[in-house]
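Enquirer: If it helps, the file is called model-v4.txt and holds compact mmCIF, C-alpha atoms:
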# COMPACT_ATOMS: atom_id res chain seq x y z
CA MET A 1 53.70 50.27 30.59
CA THR A 2 54.69 47.59 33.11
CA GLN A 3 54.55 43.85 32.49
CA LEU A 4 51.40 43.69 34.60
CA ASP A 5 49.69 46.50 32.67
CA ASP A 6 50.55 44.81 29.40
CA LEU A 7 49.19 41.47 30.56
CA LEU A 8 46.05 43.08 32.01
CA ALA A 9 45.42 44.88 28.70
CA ARG A 10 45.64 41.58 26.81
CA TRP A 11 43.41 39.86 29.39
CA ALA A 12 40.86 42.69 29.07
CA ALA A 13 40.78 42.33 25.28
CA GLY A 14 39.57 38.76 25.69
CA GLN A 15 37.05 39.55 28.43
CA ARG A 16 35.30 42.65 27.11
CA LEU A 17 31.70 42.40 26.01
CA SER A 18 31.88 41.75 22.28
CA GLN A 19 29.55 43.31 19.72
CA VAL A 20 28.11 39.86 18.98
CA GLN A 21 27.35 39.23 22.67
CA SER A 22 25.94 42.73 23.04
CA ASP A 23 23.66 42.37 20.01
CA ALA A 24 22.50 38.93 21.16
CA ILE A 25 21.56 40.18 24.62
CA ARG A 26 19.71 43.17 23.23
CA ALA A 27 17.77 40.92 20.87
CA VAL A 28 16.75 38.58 23.70
CA VAL A 29 15.72 41.48 25.95
CA VAL A 30 13.58 43.11 23.28
CA ARG A 31 12.00 39.76 22.30
CA ASP A 32 11.27 38.68 25.90
CA GLY A 33 10.17 42.19 26.83
CA ALA A 34 7.65 42.16 24.00
CA ASP A 35 6.35 38.82 25.30
CA ASP A 36 5.94 40.39 28.75
CA GLU A 37 3.96 43.25 27.25
CA ASP A 38 1.54 40.80 25.61
CA TRP A 39 1.21 38.90 28.86
CA LEU A 40 0.40 42.06 30.80
CA ASP A 41 -2.05 43.27 28.17
CA ASP A 42 -3.80 39.88 28.29
CA LEU A 43 -3.97 40.04 32.07
CA LEU A 44 -5.42 43.54 32.08
CA ARG A 45 -7.81 43.03 29.18
CA PRO A 46 -10.91 42.18 31.35
CA VAL A 47 -10.30 45.28 33.46
CA THR A 48 -9.76 47.61 30.51
CA ALA A 49 -12.82 46.12 28.83
CA LEU A 50 -14.91 46.99 31.90
CA LEU A 51 -13.50 50.49 32.15
CA ASP A 52 -13.95 51.25 28.46
CA GLY A 53 -17.14 49.20 28.03
CA PRO A 54 -20.70 50.33 27.23
CA HIS A 55 -21.38 51.35 30.86
CA ASN A 56 -18.41 53.71 30.75
CA LEU A 57 -17.21 52.61 34.16
CA TYR A 58 -14.14 54.80 33.90
CA GLU A 59 -16.32 57.96 33.85
CA THR A 60 -18.46 56.70 36.72
CA LEU A 61 -15.44 55.92 38.88
CA SER A 62 -13.79 59.23 38.01
CA ARG A 63 -16.92 61.18 39.03
CA GLY A 64 -17.11 59.23 42.27
CA TYR A 65 -13.48 59.92 43.02
CA ALA A 66 -13.88 63.62 42.18
CA LYS A 67 -16.56 63.93 44.90
CA PHE A 68 -14.12 62.80 47.54
CA ALA A 69 -11.13 64.66 46.17
CA MET B 1 1.47 51.31 27.84
CA THR B 2 3.36 50.63 24.65
CA LEU B 3 6.93 49.51 25.10
CA SER B 4 7.52 49.50 21.38
CA HIS B 5 6.92 53.27 21.12
CA PRO B 6 9.89 54.83 19.30
CA SER B 7 10.80 57.07 22.21
CA SER B 8 10.81 54.11 24.61
CA ALA B 9 13.01 52.08 22.29
CA SER B 10 15.23 55.06 21.82
CA VAL B 11 15.56 55.56 25.59
CA PHE B 12 16.35 51.88 26.01
CA ASP B 13 18.97 51.94 23.27
CA ASP B 14 20.60 55.01 24.79
CA VAL B 15 20.71 53.35 28.20
CA TYR B 16 21.97 50.09 26.73
CA ALA B 17 24.74 51.78 24.76
CA ALA B 18 25.81 53.95 27.69
CA HIS B 19 25.91 51.31 30.41
CA ARG B 20 26.35 47.82 28.95
CA THR B 21 30.17 47.84 29.13
CA THR B 22 30.37 49.06 32.71
CA LEU B 23 27.59 46.76 33.89
CA HIS B 24 29.28 43.80 32.23
CA ALA B 25 32.57 44.72 33.94
CA TYR B 26 30.69 45.11 37.24
CA PHE B 27 29.10 41.66 36.99
CA LEU B 28 32.35 40.03 35.87
CA GLY B 29 34.20 41.72 38.70
CA ARG B 30 31.65 40.76 41.33
CA THR B 31 31.16 37.16 40.24
CA GLY B 32 34.42 36.20 38.50
CA ASP B 33 32.27 34.11 36.18
CA PRO B 34 32.00 35.18 32.50
CA GLU B 35 28.85 33.15 31.76
CA LEU B 36 27.07 34.36 34.86
CA ALA B 37 28.11 37.94 34.07
CA LEU B 38 26.36 37.70 30.69
CA ASP B 39 23.24 36.19 32.27
CA LEU B 40 23.09 38.98 34.84
CA LEU B 41 23.67 41.61 32.19
CA GLN B 42 20.72 40.25 30.25
CA GLU B 43 18.54 40.21 33.37
CA VAL B 44 19.31 43.79 34.38
CA PHE B 45 18.47 45.05 30.90
CA LEU B 46 15.32 42.94 30.77
CA ARG B 47 14.23 44.77 33.92
CA ALA B 48 15.26 48.06 32.34
CA TRP B 49 13.13 47.27 29.30
CA ARG B 50 10.13 46.46 31.50
CA SER B 51 10.63 49.77 33.34
CA VAL B 52 11.60 51.84 30.34
CA GLN B 53 8.94 54.46 31.14
CA THR B 54 10.44 54.92 34.59
CA LEU B 55 13.90 55.21 33.07
CA ALA B 56 12.64 57.66 30.44
CA ALA B 57 11.32 59.92 33.20
CA LEU B 58 14.73 60.03 34.91
CA PRO B 59 17.44 62.49 33.91
CA ALA B 60 20.16 60.66 31.98
CA GLU B 61 22.69 61.17 34.78
CA ARG B 62 20.36 59.46 37.30
CA ARG B 63 19.72 56.37 35.17
CA HIS B 64 22.93 54.66 36.15
CA PHE B 65 21.93 54.81 39.83
CA TRP B 66 18.72 52.99 38.93
CA LEU B 67 20.58 50.38 36.88
CA PHE B 68 23.29 49.75 39.46
CA SER B 69 20.81 49.39 42.30
CA ILE B 70 19.17 46.60 40.27
CA ALA B 71 22.60 45.15 39.46
CA ARG B 72 23.67 45.12 43.12
CA ASN B 73 20.43 43.38 44.12
CA LEU B 74 20.93 40.74 41.43
CA VAL B 75 24.44 39.99 42.68
CA VAL B 76 23.21 39.80 46.28
CA ASP B 77 20.48 37.39 45.17
CA ILE B 78 23.04 35.21 43.40
CA TYR B 79 25.28 35.06 46.45
CA ARG B 80 22.28 34.36 48.68
CA LYS B 81 21.00 31.54 46.45
CA ARG B 82 24.30 29.86 45.84
CA GLY B 83 25.96 30.74 49.13
CA ALA B 84 29.16 32.74 48.98
CA GLY B 85 31.17 29.80 50.25
CA ASP B 86 29.81 27.46 47.64
CA ALA B 87 30.50 29.94 44.84
CA ALA B 88 34.07 30.50 45.94
CA HIS B 89 34.60 26.77 46.34
CA GLU B 90 33.12 26.13 42.92
CA ARG B 91 35.42 28.70 41.33
CA LEU B 92 38.45 27.20 43.02
CA HIS B 93 37.32 23.73 42.02
CA ARG B 94 37.02 24.78 38.38
CA LEU B 95 40.48 26.27 38.45
CA ALA B 96 41.99 23.24 40.13
CA THR B 97 40.66 20.68 37.67
CA PRO B 98 43.27 18.62 35.80
CA GLU B 99 41.78 19.70 32.46
CA HIS B 100 42.50 23.33 33.28
CA ALA B 101 46.10 22.58 34.23
CA GLU B 102 46.65 20.39 31.16
CA ALA B 103 45.17 23.00 28.84
CA ALA B 104 47.47 25.63 30.29
CA GLU B 105 50.48 23.38 29.72
CA ARG B 106 49.51 22.78 26.11
CA ASP B 107 49.01 26.43 25.38
CA ALA B 108 51.68 28.74 24.15
CA LEU B 109 53.47 30.94 26.67
CA GLU B 110 51.14 33.87 26.10
CA HIS B 111 48.04 31.81 26.66
CA GLU B 112 49.60 30.30 29.73
CA GLN B 113 50.37 33.73 31.13
CA LEU B 114 46.83 34.90 30.42
CA ALA B 115 45.37 31.78 31.99
CA GLU B 116 47.51 32.35 35.08
CA LEU B 117 46.42 35.97 35.25
CA ASP B 118 42.78 34.98 34.83
CA ALA B 119 43.08 32.45 37.64
CA ALA B 120 44.84 34.98 39.86
CA ILE B 121 42.11 37.57 39.22
CA ARG B 122 39.46 35.01 40.13
CA ARG B 123 41.28 34.24 43.37
CA LEU B 124 41.32 37.90 44.42
CA PRO B 125 38.95 38.78 47.25
CA ASP B 126 35.62 40.01 45.85
CA GLU B 127 36.13 43.65 46.85
CA LEU B 128 39.54 43.81 45.14
CA ARG B 129 38.44 41.93 42.02
CA ALA B 130 35.45 44.24 41.54
CA VAL B 131 37.52 47.44 41.49
CA LEU B 132 40.25 45.94 39.33
CA VAL B 133 37.91 44.53 36.68
CA LEU B 134 35.86 47.73 36.55
CA GLN B 135 39.03 49.74 36.00
CA VAL B 136 40.58 47.40 33.44
CA LEU B 137 37.44 46.60 31.42
CA SER B 138 35.42 49.79 31.61
CA GLU B 139 38.31 52.21 32.13
CA ARG B 140 36.39 54.15 34.77
CA THR B 141 38.09 56.54 37.17
CA SER B 142 38.44 55.77 40.87
CA THR B 143 35.67 58.27 41.62
CA GLU B 144 33.29 56.65 39.13
CA ILE B 145 34.12 53.16 40.41
CA GLY B 146 33.52 54.43 43.94
CA GLU B 147 30.07 55.71 42.94
CA ILE B 148 29.20 52.39 41.36
CA LEU B 149 30.38 50.29 44.31
CA GLY B 150 29.41 52.74 47.06
CA ARG B 151 32.98 53.25 48.26
CA PRO B 152 35.07 56.42 48.68
CA ALA B 153 37.45 57.11 45.79
CA GLY B 154 40.40 56.86 48.18
CA THR B 155 39.35 53.35 49.19
CA VAL B 156 39.05 52.39 45.52
CA ARG B 157 42.57 53.65 44.80
CA TYR B 158 43.94 51.74 47.78
CA GLN B 159 42.13 48.56 46.74
CA LEU B 160 43.34 48.93 43.15
CA ALA B 161 46.91 49.17 44.38
CA GLN B 162 46.37 46.14 46.61
CA ALA B 163 44.88 44.11 43.75
CA ARG B 164 47.72 45.00 41.41
CA ARG B 165 50.35 44.22 44.04
CA ARG B 166 48.81 40.80 44.72
CA LEU B 167 48.70 39.94 41.01
CA ALA B 168 52.25 41.12 40.43
CA ASP B 169 53.55 39.14 43.41
CA GLU B 170 51.68 36.01 42.44
CA LEU B 171 52.77 36.14 38.80
CA HIS B 172 56.28 37.48 39.54
CA LEU B 173 55.74 40.56 37.38
CA GLU B 174 56.94 44.10 37.74
CA CYS B 175 54.30 46.59 38.76
CA GLU B 176 54.31 50.28 39.62
CA PRO B 177 52.71 51.04 42.98
Could you spell out this file's structure in structure tokens?
Expert:
Amino acid sequence: MTQLDDLLARWAAGQRLSQVQSDAIRAVVVRDGADDEDWLDDLLRPVTALLDGPHNLYETLSRGYAKFA
Amino acid sequence: MTLSHPSSASVFDDVYAAHRTTLHAYFLGRTGDPELALDLLQEVFLRAWRSVQTLAALPAERRHFWLFSIARNLVVDIYRKRGAGDAAHERLHRLATPEHAEAAERDALEHEQLAELDAAIRRLPDELRAVLVLQVLSERTSTEIGEILGRPAGTVRYQLAQARRRLADELHLECEP
């Protein structure tokens, strides 16, 4: 191993993604991702309520689409 | 859509475990900025989490193409927002501050050498720094680095040799070609 290789190996040891950093990032991603899911569900709730509601709009739209398909 | 479904979480964890090290090396190599590299790593995996169903539908060997296309776009956005000139100037400014020089003087010889190497790596042109950091941190082959950066393996090998030669010359170290 040359002097440069040796120095690069020691530099890399201090720069690599640590387990603590890795765990912290995963935790933030999963937490923020879950927030996004709630946000999207909230946004879509009026639409899903219409589709699944008492008038069964989903069936009506599906039948209409099937005619043209 | 349920992102918390076990299979989705399992796909995400597989992707995270398989690619976090290389993506981190990629971001560090492209930006030369450890803090920014961590921020970008978090952002790319946040996008992966949001698109976990898309990732789950891809064969495992195709997932890294998806991830690295996002990663490349994030780096381009960063350069566009900050301006490549500003970023380079900022890096040089950070390295040229009196505090940095004083800290290096106070440190032991090993720390001083590492600080000099770190500064020299940051001063490398972007295309050389990216291949060097990917090789040193993620231990990828020239072919794999070429796939990640969109360069032929021969170009990667040439750039690696160039990067190493520059570092060795600057730090007065021996280096095999």
Enquirer: What's around Arg16 (chain A) at 12 Å? Count only C-alpha atoms, leave out sequence neighbours fewer than 3 positions away in its own chain, and write the answer as a PDB file with C-alpha atoms, keeping the file's coordinate frame.
Expert:
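Here's the written file out-v4.pdb:
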ATOM      1  CA  LEU A   8      46.050  43.080  32.010  1.00  0.00           C
ATOM      2  CA  ALA A   9      45.420  44.880  28.700  1.00  0.00           C
ATOM      3  CA  ARG A  10      45.640  41.580  26.810  1.00  0.00           C
ATOM      4  CA  TRP A  11      43.410  39.860  29.390  1.00  0.00           C
ATOM      5  CA  ALA A  12      40.860  42.690  29.070  1.00  0.00           C
ATOM      6  CA  ALA A  13      40.780  42.330  25.280  1.00  0.00           C
ATOM      7  CA  GLN A  19      29.550  43.310  19.720  1.00  0.00           C
ATOM      8  CA  VAL A  20      28.110  39.860  18.980  1.00  0.00           C
ATOM      9  CA  GLN A  21      27.350  39.230  22.670  1.00  0.00           C
ATOM     10  CA  SER A  22      25.940  42.730  23.040  1.00  0.00           C
TER      11      SER A  22
ATOM     12  CA  ARG B  20      26.350  47.820  28.950  1.00  0.00           C
ATOM     13  CA  THR B  21      30.170  47.840  29.130  1.00  0.00           C
ATOM     14  CA  THR B  22      30.370  49.060  32.710  1.00  0.00           C
ATOM     15  CA  LEU B  23      27.590  46.760  33.890  1.00  0.00           C
ATOM     16  CA  HIS B  24      29.280  43.800  32.230  1.00  0.00           C
ATOM     17  CA  ALA B  25      32.570  44.720  33.940  1.00  0.00           C
ATOM     18  CA  TYR B  26      30.690  45.110  37.240  1.00  0.00           C
ATOM     19  CA  PHE B  27      29.100  41.660  36.990  1.00  0.00           C
ATOM     20  CA  LEU B  28      32.350  40.030  35.870  1.00  0.00           C
ATOM     21  CA  GLY B  29      34.200  41.720  38.700  1.00  0.00           C
ATOM     22  CA  PRO B  34      32.000  35.180  32.500  1.00  0.00           C
ATOM     23  CA  ALA B  37      28.110  37.940  34.070  1.00  0.00           C
ATOM     24  CA  LEU B  38      26.360  37.700  30.690  1.00  0.00           C
ATOM     25  CA  VAL B 133      37.910  44.530  36.680  1.00  0.00           C
ATOM     26  CA  LEU B 134      35.860  47.730  36.550  1.00  0.00           C
ATOM     27  CA  GLN B 135      39.030  49.740  36.000  1.00  0.00           C
ATOM     28  CA  VAL B 136      40.580  47.400  33.440  1.00  0.00           C
ATOM     29  CA  LEU B 137      37.440  46.600  31.420  1.00  0.00           C
ATOM     30  CA  SER B 138      35.420  49.790  31.610  1.00  0.00           C
ATOM     31  CA  GLU B 139      38.310  52.210  32.130  1.00  0.00           C
TER      32      GLU B 139
END
Enquirer: Could you write out as number ranges by chain the residues of chain A within 10 Å of chain B, counting all atoms listed in the file?
Expert: A: 1-5, 7-18, 21-22, 24-34, 36-37, 40-41
Enquirer: Would you mind listing what lies within 8 Å of Ala153 (chain B) as a PyMOL selection string, with only C-alpha atoms counted and same-chain residues fewer than 5 positions away left out?
Expert: chain B and resi 142-146
Enquirer: Provide the CA of Arg63 (chain B) to CA of Val15 (chain B) distance in Å, to one decimal place.
Expert: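 Computing it gives 7.7 Å between the two atoms.
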